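Have a look at input_14.txt; it's compact mmCIF, C-alpha atoms and all ligand atoms:
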```
# COMPACT_ATOMS: atom_id res chain seq x y z
CA MET S 1 16.64 -7.00 -30.75
CA LYS S 2 13.78 -9.49 -30.87
CA ILE S 3 11.29 -8.47 -28.17
CA ALA S 4 7.91 -9.84 -27.08
CA VAL S 5 5.42 -7.64 -25.26
CA LEU S 6 2.93 -9.72 -23.26
CA GLY S 7 -0.38 -7.94 -22.75
CA SER S 8 -2.07 -5.93 -25.48
CA GLY S 9 -3.91 -3.43 -23.30
CA GLY S 10 -3.17 0.27 -23.64
CA TRP S 11 0.21 0.11 -21.92
CA GLY S 12 1.62 -2.98 -23.62
CA THR S 13 0.61 -1.55 -26.99
CA ALA S 14 2.10 1.91 -26.34
CA LEU S 15 5.41 0.38 -25.18
CA ALA S 16 5.48 -2.01 -28.14
CA MET S 17 5.23 1.06 -30.37
CA VAL S 18 8.15 2.79 -28.59
CA LEU S 19 10.30 -0.32 -29.04
CA LEU S 20 9.30 -0.64 -32.68
CA GLU S 21 10.18 3.02 -33.33
CA ASN S 22 13.59 2.28 -31.83
CA GLY S 23 14.20 -0.35 -34.50
CA HIS S 24 13.41 -3.54 -32.61
CA ASP S 25 11.60 -6.60 -33.93
CA VAL S 26 8.46 -6.53 -31.76
CA THR S 27 5.63 -9.03 -31.27
CA LEU S 28 2.58 -8.05 -29.23
CA TRP S 29 0.99 -11.02 -27.44
CA SER S 30 -2.69 -10.97 -26.47
CA TYR S 31 -4.22 -13.10 -23.76
CA ASN S 32 -7.40 -13.21 -25.73
CA PRO S 33 -7.03 -14.41 -29.37
CA ALA S 34 -10.10 -12.36 -30.35
CA GLU S 35 -8.39 -9.21 -29.04
CA SER S 36 -5.33 -10.00 -31.15
CA LYS S 37 -7.54 -10.38 -34.22
CA VAL S 38 -9.22 -7.00 -33.62
CA LEU S 39 -5.83 -5.28 -33.34
CA GLN S 40 -4.68 -6.86 -36.60
CA GLU S 41 -7.88 -6.23 -38.51
CA THR S 42 -8.60 -2.68 -37.37
CA GLY S 43 -5.00 -1.46 -37.01
CA GLU S 44 -6.04 0.27 -33.79
CA ASN S 45 -6.24 -0.55 -30.09
CA PRO S 46 -9.56 0.67 -28.63
CA MET S 47 -7.58 1.74 -25.52
CA LEU S 48 -5.53 4.11 -27.73
CA LYS S 49 -8.19 5.60 -29.95
CA GLY S 50 -6.89 7.53 -32.96
CA VAL S 51 -3.39 6.04 -32.75
CA PRO S 52 -2.70 3.87 -35.84
CA LEU S 53 -0.71 0.71 -35.10
CA PRO S 54 2.46 0.48 -37.22
CA ALA S 55 2.36 -2.07 -40.04
CA GLU S 56 5.62 -3.68 -38.81
CA LEU S 57 4.09 -4.64 -35.43
CA LYS S 58 3.46 -8.40 -35.22
CA PHE S 59 0.49 -9.84 -33.36
CA THR S 60 0.01 -13.23 -31.76
CA ALA S 61 -1.87 -15.08 -29.04
CA ASP S 62 0.77 -17.80 -28.89
CA MET S 63 3.17 -17.54 -25.95
CA ALA S 64 5.83 -19.36 -27.99
CA CYS S 65 6.67 -15.86 -29.33
CA VAL S 66 9.02 -15.41 -26.33
CA ALA S 67 11.46 -18.03 -27.63
CA GLY S 68 14.70 -16.45 -28.81
CA CYS S 69 13.81 -12.97 -27.50
CA GLY S 70 16.49 -10.73 -26.01
CA ALA S 71 13.82 -9.09 -23.84
CA VAL S 72 10.26 -9.86 -22.80
CA VAL S 73 7.97 -7.12 -21.46
CA LEU S 74 5.23 -8.23 -19.04
CA ALA S 75 2.35 -5.76 -19.39
CA THR S 76 -0.71 -7.63 -18.12
CA PRO S 77 -2.88 -6.42 -15.23
CA SER S 78 -1.13 -7.22 -11.93
CA PHE S 79 -3.55 -10.05 -11.08
CA ALA S 80 -2.38 -11.92 -14.19
CA VAL S 81 1.38 -11.50 -13.75
CA ARG S 82 1.95 -14.83 -11.94
CA GLU S 83 -0.15 -16.78 -14.43
CA THR S 84 1.70 -15.13 -17.34
CA ALA S 85 5.16 -15.68 -15.80
CA ARG S 86 4.26 -19.33 -15.16
CA LYS S 87 3.33 -19.84 -18.82
CA LEU S 88 6.59 -18.17 -19.83
CA ALA S 89 8.91 -20.08 -17.59
CA GLY S 90 9.50 -23.15 -19.77
CA LEU S 91 9.68 -21.17 -23.02
CA LEU S 92 12.34 -18.59 -22.23
CA THR S 93 15.76 -18.54 -23.83
CA HIS S 94 18.75 -18.28 -21.47
CA GLY S 95 19.81 -14.64 -21.01
CA THR S 96 16.46 -13.01 -21.84
CA ILE S 97 15.86 -9.84 -19.79
CA LEU S 98 12.38 -9.62 -18.27
CA ILE S 99 10.78 -6.18 -17.95
CA SER S 100 7.84 -5.73 -15.60
CA VAL S 101 5.66 -2.71 -16.43
CA SER S 102 2.47 -3.58 -14.50
CA LYS S 103 1.63 -1.75 -11.29
CA GLY S 104 0.43 -3.69 -8.27
CA ILE S 105 1.23 -5.97 -5.35
CA GLU S 106 0.17 -9.62 -5.42
CA LYS S 107 -2.98 -10.14 -3.38
CA ASP S 108 -2.31 -13.27 -1.35
CA THR S 109 1.47 -13.00 -0.97
CA SER S 110 2.04 -9.21 -0.82
CA LEU S 111 4.96 -9.76 -3.21
CA THR S 112 5.97 -7.06 -5.66
CA LEU S 113 5.56 -8.02 -9.31
CA THR S 114 9.27 -8.59 -10.04
CA GLN S 115 9.31 -10.89 -6.99
CA VAL S 116 6.30 -12.74 -8.40
CA ILE S 117 8.05 -13.12 -11.77
CA GLU S 118 11.27 -14.30 -10.14
CA SER S 119 9.37 -16.88 -8.09
CA GLU S 120 8.05 -18.37 -11.34
CA VAL S 121 11.03 -18.11 -13.72
CA GLY S 122 13.86 -18.59 -11.20
CA GLU S 123 16.84 -16.48 -10.24
CA ASP S 124 18.75 -17.02 -13.49
CA PHE S 125 16.84 -14.28 -15.31
CA LYS S 126 17.52 -10.59 -14.82
CA ILE S 127 14.36 -8.62 -14.10
CA VAL S 128 13.77 -4.88 -14.45
CA ALA S 129 10.77 -2.82 -13.26
CA LEU S 130 9.85 0.08 -15.56
CA SER S 131 7.63 2.73 -14.01
CA GLY S 132 6.89 6.44 -13.84
CA PRO S 133 4.41 9.14 -14.89
CA SER S 134 3.30 7.66 -18.20
CA HIS S 135 -0.23 7.48 -19.56
CA ALA S 136 -0.40 5.04 -22.47
CA GLU S 137 -2.62 7.49 -24.36
CA GLU S 138 0.12 10.15 -24.22
CA VAL S 139 3.02 7.80 -25.02
CA GLY S 140 0.97 6.63 -28.01
CA ARG S 141 0.81 10.28 -29.18
CA HIS S 142 4.57 10.82 -28.69
CA VAL S 143 4.11 13.21 -25.76
CA PRO S 144 7.56 13.59 -24.08
CA THR S 145 7.62 11.13 -21.17
CA THR S 146 10.15 10.08 -18.52
CA VAL S 147 10.24 6.84 -16.54
CA VAL S 148 12.65 4.87 -14.37
CA ALA S 149 14.11 1.39 -14.99
CA ALA S 150 14.94 -0.31 -11.70
CA SER S 151 16.92 -3.49 -11.22
CA ARG S 152 19.35 -5.05 -8.78
CA ASP S 153 21.50 -5.58 -11.86
CA GLN S 154 22.96 -2.33 -13.20
CA ALA S 155 23.71 -3.74 -16.65
CA ALA S 156 20.11 -4.92 -17.02
CA ALA S 157 18.69 -1.52 -15.98
CA GLU S 158 21.03 0.22 -18.43
CA LEU S 159 20.11 -2.18 -21.22
CA VAL S 160 16.44 -1.27 -20.68
CA GLN S 161 17.42 2.40 -20.95
CA ASP S 162 19.05 1.63 -24.30
CA LEU S 163 16.04 -0.35 -25.55
CA PHE S 164 13.42 2.29 -24.77
CA MET S 165 15.15 5.67 -24.89
CA ASN S 166 14.41 8.05 -27.75
CA PRO S 167 13.86 11.83 -28.01
CA ARG S 168 10.31 11.45 -26.66
CA PHE S 169 10.85 8.69 -24.12
CA ARG S 170 13.56 9.20 -21.51
CA VAL S 171 14.53 6.47 -19.05
CA TYR S 172 16.49 6.91 -15.81
CA ALA S 173 18.16 3.92 -14.12
CA SER S 174 17.77 2.96 -10.46
CA ASP S 175 18.82 0.10 -8.18
CA ASP S 176 15.82 0.58 -5.84
CA VAL S 177 13.46 -2.04 -7.27
CA VAL S 178 11.33 -2.39 -4.13
CA GLY S 179 10.93 1.37 -3.78
CA VAL S 180 9.96 1.84 -7.44
CA GLU S 181 7.47 -1.04 -7.41
CA LEU S 182 5.83 -0.07 -4.12
CA ALA S 183 5.54 3.57 -5.20
CA ALA S 184 3.90 2.44 -8.46
CA ALA S 185 1.34 0.24 -6.74
CA LEU S 186 0.49 2.41 -3.75
CA LYS S 187 -0.05 5.68 -5.61
CA ASN S 188 -3.06 4.13 -7.32
CA VAL S 189 -4.84 4.01 -3.94
CA ILE S 190 -4.18 7.71 -3.45
CA ALA S 191 -5.33 8.47 -7.02
CA LEU S 192 -8.58 6.63 -6.42
CA SER S 193 -9.03 8.59 -3.18
CA ALA S 194 -8.28 11.87 -4.98
CA GLY S 195 -11.00 10.94 -7.47
CA VAL S 196 -13.48 10.33 -4.65
CA CYS S 197 -12.74 13.83 -3.32
CA ASP S 198 -13.20 15.31 -6.81
CA GLY S 199 -16.46 13.40 -7.19
CA MET S 200 -17.70 14.80 -3.88
CA GLY S 201 -16.98 18.31 -5.14
CA PHE S 202 -14.04 19.11 -2.90
CA GLY S 203 -11.41 21.47 -4.25
CA ASP S 204 -7.72 21.82 -4.91
CA ASN S 205 -6.88 22.19 -1.21
CA THR S 206 -8.24 18.74 -0.44
CA LYS S 207 -6.47 17.12 -3.36
CA ALA S 208 -3.12 18.74 -2.54
CA ALA S 209 -3.48 17.54 1.05
CA LEU S 210 -4.35 14.04 -0.05
CA MET S 211 -1.43 13.84 -2.47
CA THR S 212 1.09 15.22 0.02
CA ARG S 213 0.00 13.17 3.02
CA GLY S 214 -0.57 10.20 0.72
CA LEU S 215 3.02 10.37 -0.48
CA SER S 216 4.15 10.61 3.11
CA GLU S 217 2.43 7.32 4.02
CA ILE S 218 3.57 5.60 0.81
CA ALA S 219 7.17 6.52 1.64
CA ARG S 220 6.71 5.38 5.26
CA LEU S 221 5.59 1.91 4.17
CA GLY S 222 8.08 1.81 1.31
CA GLU S 223 11.01 2.56 3.60
CA ALA S 224 9.81 -0.01 6.14
CA LEU S 225 9.89 -2.60 3.37
CA GLY S 226 13.37 -1.68 2.17
CA GLY S 227 12.75 1.12 -0.37
CA ARG S 228 14.85 4.28 -0.42
CA LYS S 229 13.38 7.63 0.66
CA GLU S 230 14.66 9.42 -2.47
CA THR S 231 12.76 7.04 -4.74
CA PHE S 232 9.44 8.33 -3.40
CA ALA S 233 10.48 11.87 -4.33
CA GLY S 234 11.37 10.63 -7.84
CA LEU S 235 9.56 9.73 -11.05
CA ALA S 236 7.99 6.51 -9.78
CA GLY S 237 6.91 8.28 -6.58
CA VAL S 238 5.76 11.89 -6.66
CA GLY S 239 5.97 11.95 -10.48
CA ASP S 240 3.47 9.16 -10.95
CA LEU S 241 1.35 10.43 -8.07
CA ILE S 242 0.94 13.82 -9.76
CA VAL S 243 -0.01 12.28 -13.07
CA THR S 244 -2.55 9.84 -11.67
CA CYS S 245 -4.19 12.20 -9.21
CA THR S 246 -4.71 15.02 -11.68
CA SER S 247 -5.52 13.46 -15.03
CA MET S 248 -8.72 12.23 -16.61
CA HIS S 249 -6.59 9.54 -18.31
CA SER S 250 -6.28 7.93 -14.87
CA ARG S 251 -8.83 5.14 -14.56
CA ASN S 252 -8.16 5.03 -10.81
CA ARG S 253 -9.09 8.68 -10.48
CA ARG S 254 -12.11 8.27 -12.78
CA CYS S 255 -13.29 5.29 -10.74
CA GLY S 256 -12.93 7.41 -7.58
CA ILE S 257 -14.94 10.24 -9.15
CA LEU S 258 -17.83 7.84 -9.80
CA ILE S 259 -17.70 6.59 -6.20
CA GLY S 260 -17.55 10.16 -4.90
CA LYS S 261 -20.69 10.94 -6.90
CA GLY S 262 -22.50 8.02 -5.28
CA THR S 263 -22.02 5.11 -7.72
CA PRO S 264 -21.71 1.84 -5.76
CA VAL S 265 -18.09 0.59 -5.76
CA PRO S 266 -18.58 -2.64 -7.82
CA GLU S 267 -20.50 -0.68 -10.49
CA ALA S 268 -17.86 2.06 -10.59
CA VAL S 269 -15.04 -0.49 -11.03
CA LYS S 270 -17.02 -2.20 -13.81
CA GLU S 271 -17.95 1.04 -15.55
CA ILE S 272 -14.30 2.01 -16.07
CA GLY S 273 -13.95 -0.94 -18.47
CA ALA S 274 -10.21 -1.39 -17.84
CA VAL S 275 -8.21 -2.68 -14.91
CA VAL S 276 -8.56 -0.40 -11.81
CA GLU S 277 -5.35 -1.38 -10.01
CA GLY S 278 -5.97 0.99 -7.07
CA TYR S 279 -9.01 -1.04 -6.04
CA TYR S 280 -6.89 -4.19 -5.60
CA ALA S 281 -3.89 -2.29 -4.22
CA ALA S 282 -6.02 -0.80 -1.41
CA ALA S 283 -6.54 -4.28 0.08
CA THR S 284 -2.90 -5.36 -0.28
CA ALA S 285 -1.59 -2.04 1.03
CA LYS S 286 -3.88 -2.28 4.06
CA ALA S 287 -2.63 -5.83 4.72
CA LEU S 288 0.99 -4.67 4.44
CA ALA S 289 0.35 -1.71 6.75
CA ASP S 290 -1.23 -4.01 9.34
CA LYS S 291 1.61 -6.50 9.05
CA THR S 292 4.39 -3.91 9.40
CA GLY S 293 2.58 -1.67 11.90
CA VAL S 294 3.07 1.35 9.60
CA GLU S 295 0.39 4.01 9.99
CA MET S 296 -1.44 4.62 6.66
CA PRO S 297 -4.61 6.56 7.48
CA ILE S 298 -5.55 7.50 3.89
CA THR S 299 -5.04 3.96 2.61
CA GLU S 300 -7.07 2.63 5.56
CA ALA S 301 -9.83 5.13 4.75
CA ALA S 302 -9.83 4.09 1.08
CA TYR S 303 -9.99 0.45 2.10
CA GLN S 304 -13.02 1.12 4.33
CA VAL S 305 -14.83 2.93 1.50
CA LEU S 306 -13.94 0.35 -1.16
CA TYR S 307 -14.42 -2.88 0.77
CA HIS S 308 -16.80 -2.04 3.62
CA GLY S 309 -19.05 0.54 1.98
CA LYS S 310 -18.14 3.28 4.45
CA ASP S 311 -19.48 6.72 3.50
CA PRO S 312 -16.62 8.86 2.08
CA ARG S 313 -17.99 11.89 3.94
CA VAL S 314 -17.63 10.12 7.28
CA VAL S 315 -14.15 8.99 6.32
CA ILE S 316 -13.02 12.54 5.42
CA THR S 317 -14.30 13.86 8.76
CA GLU S 318 -12.44 11.08 10.56
CA LEU S 319 -9.22 11.91 8.69
CA MET S 320 -9.58 15.62 9.44
CA THR S 321 -10.26 15.10 13.13
CA ARG S 322 -7.46 12.63 13.90
CA ALA S 323 -5.24 13.50 16.87
CA LYS S 324 -2.91 16.42 16.13
CA LYS S 325 0.47 15.51 14.63
CA HIS S 326 3.86 16.95 13.71
CA GLU S 327 4.20 17.20 9.94
CA ILE S 328 7.70 15.73 10.13
CA GLU S 329 7.68 12.83 12.54
CA GLU S 330 11.19 13.49 13.87
CA SER S 331 10.36 17.15 14.84
CA TRP S 332 11.78 18.21 18.22
CA VAL S 333 13.10 14.78 19.15
N1 LIG V 401 -2.54 2.38 -19.21
C1 LIG V 401 -1.51 3.06 -18.75
O1 LIG V 401 -1.35 4.24 -19.03
C2 LIG V 401 -0.48 2.38 -17.87
C3 LIG V 401 0.72 3.05 -17.62
C4 LIG V 401 1.67 2.44 -16.81
C5 LIG V 401 1.41 1.20 -16.26
N2 LIG V 401 0.23 0.59 -16.51
C6 LIG V 401 0.01 -0.75 -15.90
O2 LIG V 401 0.08 -1.73 -16.93
C7 LIG V 401 -0.78 -2.82 -16.61
C8 LIG V 401 -1.71 -3.07 -17.78
O3 LIG V 401 -2.49 -1.92 -17.93
P1 LIG V 401 -3.24 -1.55 -19.29
O4 LIG V 401 -3.60 -0.13 -19.17
O5 LIG V 401 -2.46 -1.97 -20.46
O6 LIG V 401 -4.54 -2.46 -19.12
P2 LIG V 401 -5.85 -2.53 -20.04
O7 LIG V 401 -6.99 -2.51 -19.12
O8 LIG V 401 -5.74 -1.55 -21.15
O9 LIG V 401 -5.72 -3.97 -20.68
C9 LIG V 401 -5.70 -5.12 -19.92
C10 LIG V 401 -5.17 -6.24 -20.80
O10 LIG V 401 -5.00 -7.40 -19.98
C11 LIG V 401 -5.46 -8.53 -20.67
N3 LIG V 401 -5.83 -9.58 -19.73
C12 LIG V 401 -6.99 -9.74 -19.08
N4 LIG V 401 -6.93 -10.86 -18.33
C13 LIG V 401 -5.70 -11.40 -18.52
C14 LIG V 401 -5.05 -12.55 -18.03
N5 LIG V 401 -5.65 -13.36 -17.17
N6 LIG V 401 -3.79 -12.79 -18.44
C15 LIG V 401 -3.15 -11.95 -19.27
N7 LIG V 401 -3.73 -10.84 -19.78
C16 LIG V 401 -4.99 -10.58 -19.40
C17 LIG V 401 -6.63 -8.01 -21.48
O11 LIG V 401 -6.87 -8.89 -22.56
C18 LIG V 401 -6.10 -6.64 -21.93
O12 LIG V 401 -5.34 -6.74 -23.10
C19 LIG V 401 -1.50 -2.43 -15.31
O13 LIG V 401 -0.86 -3.00 -14.21
C20 LIG V 401 -1.36 -0.91 -15.27
O14 LIG V 401 -1.36 -0.39 -13.95
C21 LIG V 401 -0.72 1.14 -17.32
```

Let me see whether you can do it: turn the structure in this file into structure tokens.
Ligand SMILES: NC(=O)c1ccc[n+]([C@@H]2O[C@H](COP(=O)([O-])OP(=O)(O)OC[C@H]3O[C@@H](n4cnc5c(N)ncnc54)[C@H](O)[C@@H]3O)[C@@H](O)[C@H]2O)c1
Amino acid sequence: MKIAVLGSGGWGTALAMVLLENGHDVTLWSYNPAESKVLQETGENPMLKGVPLPAELKFTADMACVAGCGAVVLATPSFAVRETARKLAGLLTHGTILISVSKGIEKDTSLTLTQVIESEVGEDFKIVALSGPSHAEEVGRHVPTTVVAASRDQAAAELVQDLFMNPRFRVYASDDVVGVELAAALKNVIALSAGVCDGMGFGDNTKAALMTRGLSEIARLGEALGGRKETFAGLAGVGDLIVTCTSMHSRNRRCGILIGKGTPVPEAVKEIGAVVEGYYAAATAKALADKTGVEMPITEAAYQVLYHGKDPRVVITELMTRAKKHEIEESWV
């Protein structure tokens, strides 16, 4: 199948390579023409050091590459998804499947990214969200990886399974698009917070607590917004949370570590040198929690540290000294 991958960061490039290995005709589009030139000339993406780009991979900075494609993968940072979908809209061929692989929630609208895409391209196109525990660096090195393809349309989700699946890349299908997308976006806030705790020198106990209670609040908000509880216990939920909270590949965690060690937030975000989605997601998640009335103490704490310069030490004490709770909200009712 002819496929365009839009966004030549680490993730777009790694997925383009999976598709190419599966025999597809793949073009990798770069936002920045200079970036496209570097990829072509060096045969390597600086985000995937040591991974040679296959000779068959085509490069372009011209969005016209989407014409005639059976599938288009949107792999830009979340803040650029609307702009990219808008550019696409007039160029798409009828029947093209759109695959959203970015992780975030739109800042001003609180829409998930497939909702953003749909609002730009219209309801005629089938859209699939692909998400799960998957570092680009590891996919690039053929490390066995599993993800989930979620769509309201079963045939579209199953087509995405067929496009991507190979012995090192396994794809499950799901109909819970909202759950998968919210899990993907919200876990980045927890990963950043886990990094802050690591940077402050706290141990495994703290991180396990943060991940467990973090997942609990992600699921609470996700369910309130229409996601399914089981999704948060799945690959896009706990799976991705584990990978981002524990790995040095996670830029969200690395950004948190810098903040925990005392680097001012804007400097820490800049120093990472790649998109830190958890920073943006903290503000949108806080807005969604306020709007729905869902209690999200860890997300609120992260928001205060990231946007209001609150001292992480104060925040941890506040979290630890909140009023006593039942672990399971429905206990003894
Ligand atoms: N890296 C991973 O392991 C990974 C895994 C799963 C999902 N994701 C998600 O994929 C998305 C992209 O991440 P990445 O790691 O590839 O990012 P990256 O930081 O490696 O690259 C960002 C890319 O976005 C491009 N870009 C910048 N501004 C743009 C704009 N206005 N319009 C279009 N493109 C623009 C840059 O040129 C660059 O190619 C993020 O939402 C991320 O959360 C990443």

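Using all atoms listed in the file, the shortest contact distance between ligand LIG 401 (chain V) and any of S:Asp62, S:Glu318, S:Glu123, S:Glu35 is found at S:Glu35.
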
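Counting all atoms listed in the file and comparing S:Val180, S:Leu15, S:Ala80, S:Ile298, the residue that lies closest to ligand LIG 401 (chain V) is S:Ala80.
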
| said: Given all atoms listed in the file as the basis, pick out the residue of S:Gly199, S:Lys2, S:Ser134, S:Leu288 nearest to Thr93 in chain S. | reply: S:Lys2

| Could you name the residues that touch Gly104 in chain S at 9 Å or less, counting all atoms listed in the file, but leaving out those on the same chain fewer than 6 positions away, as a VMD selection string? | chain S and resid 77 to 79 112 to 113 181 to 182 184 to 186 188 277 to 278 280 to 281 284

Mind running chain S against ligand LIG 401 (chain V) at 6 Å and telling me each contacting residue's nearest atom pair with the distance in Å (one decimal), counting all atoms listed in the file, chain and number ascending, as JSON lines?
```
{"residue": "S:Gly7", "atom": "CA", "partner": "V:LIG401", "partner_atom": "O12", "distance": 5.1}
{"residue": "S:Ser8", "atom": "CA", "partner": "V:LIG401", "partner_atom": "O12", "distance": 4.1}
{"residue": "S:Gly9", "atom": "CA", "partner": "V:LIG401", "partner_atom": "O9", "distance": 3.2}
{"residue": "S:Gly10", "atom": "CA", "partner": "V:LIG401", "partner_atom": "O5", "distance": 4.0}
{"residue": "S:Trp11", "atom": "CA", "partner": "V:LIG401", "partner_atom": "O5", "distance": 3.7}
{"residue": "S:Gly12", "atom": "CA", "partner": "V:LIG401", "partner_atom": "O5", "distance": 5.3}
{"residue": "S:Tyr31", "atom": "CA", "partner": "V:LIG401", "partner_atom": "N7", "distance": 4.6}
{"residue": "S:Asn32", "atom": "CA", "partner": "V:LIG401", "partner_atom": "O11", "distance": 5.4}
{"residue": "S:Met47", "atom": "CA", "partner": "V:LIG401", "partner_atom": "O8", "distance": 5.8}
{"residue": "S:Ala75", "atom": "CA", "partner": "V:LIG401", "partner_atom": "C7", "distance": 5.1}
{"residue": "S:Thr76", "atom": "CA", "partner": "V:LIG401", "partner_atom": "C8", "distance": 4.7}
{"residue": "S:Pro77", "atom": "CA", "partner": "V:LIG401", "partner_atom": "O13", "distance": 4.1}
{"residue": "S:Ser78", "atom": "CA", "partner": "V:LIG401", "partner_atom": "O13", "distance": 4.8}
{"residue": "S:Ala80", "atom": "CA", "partner": "V:LIG401", "partner_atom": "N6", "distance": 4.6}
{"residue": "S:Val101", "atom": "CA", "partner": "V:LIG401", "partner_atom": "O2", "distance": 5.7}
{"residue": "S:Ser102", "atom": "CA", "partner": "V:LIG401", "partner_atom": "O13", "distance": 3.4}
{"residue": "S:Lys103", "atom": "CA", "partner": "V:LIG401", "partner_atom": "O13", "distance": 4.0}
{"residue": "S:Ser134", "atom": "CA", "partner": "V:LIG401", "partner_atom": "C3", "distance": 5.3}
{"residue": "S:His135", "atom": "CA", "partner": "V:LIG401", "partner_atom": "O1", "distance": 3.5}
{"residue": "S:Ala136", "atom": "CA", "partner": "V:LIG401", "partner_atom": "O1", "distance": 3.7}
{"residue": "S:Ala274", "atom": "CA", "partner": "V:LIG401", "partner_atom": "O7", "distance": 3.6}
{"residue": "S:Val275", "atom": "CA", "partner": "V:LIG401", "partner_atom": "O7", "distance": 4.4}
{"residue": "S:Glu277", "atom": "CA", "partner": "V:LIG401", "partner_atom": "O14", "distance": 5.7}
```

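Using only C-alpha atoms, the smallest distance between any of S:Glu83, S:Glu271, S:Glu300, S:Glu120 and Val189 in chain S comes from S:Glu300.
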
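If you look at CA of Val315 in chain S and CA of Ala301 in chain S, they are 6.0 Å away from each other.
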
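Of the residues under consideration (S:Gly122, S:Gly309, S:Gly50, S:Gly179), S:Gly309 shows the shortest atom-to-atom contact distance to Ile259 in chain S when counting only C-alpha atoms.
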
| message | So that I can check the surroundings of Thr246 in chain S, please list as a VMD selection string every protein, DNA and RNA residue that reaches within 12 Å of it, counting only C-alpha atoms and ignoring chain neighbours fewer than 5 positions away. | response | chain S and resid 133 135 188 190 to 195 197 to 198 203 to 204 207 to 208 210 to 211 239 to 241 251 to 254 256 to 257

| field | Nearest-residue call for Leu215 in chain S, choices S:Arg82, S:Lys291, S:Lys187, S:Arg228, using all atoms listed in the file | value | S:Lys187

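By all atoms listed in the file, and with residues fewer than 3 positions from Asp175 in chain S along its chain excluded, the set lying at most 8 Å from it is S:Ala150, S:Ser151, S:Arg152, S:Asp153, S:Gln154, S:Ala157.
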
| Atomic separation - CA of Gly214 in chain S relative to CA of Glu330 in chain S, Å | 17.9 Å

| Near Ala64 in chain S, counting all atoms listed in the file, which residues have an atom at most 12 Å away, once you skip same-chain residues fewer than 2 positions from it, shown as number ranges by chain? | S: 4, 6, 27-29, 60-62, 66-69, 72, 87-93

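Take CA of Ile242 in chain S and CA of His142 in chain S: the distance between them is 19.5 Å.
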
Enclose range 75-83 of chain S, meaning all of its atoms listed in the file, in a box aligned along x, y and z, pad it by 8 Å on each side, and list the centre and edge lengths in Å to one decimal, as JSON.
```
{"center_x": -0.6, "center_y": -11.3, "center_z": -15.2, "size_x": 21.9, "size_y": 27.0, "size_z": 24.3}
```

| task | Write out as a count of residues only the residues lying within 9 Å of Arg86 in chain S, counting all atoms listed in the file and excluding same-chain residues fewer than 5 positions away. | result | 4
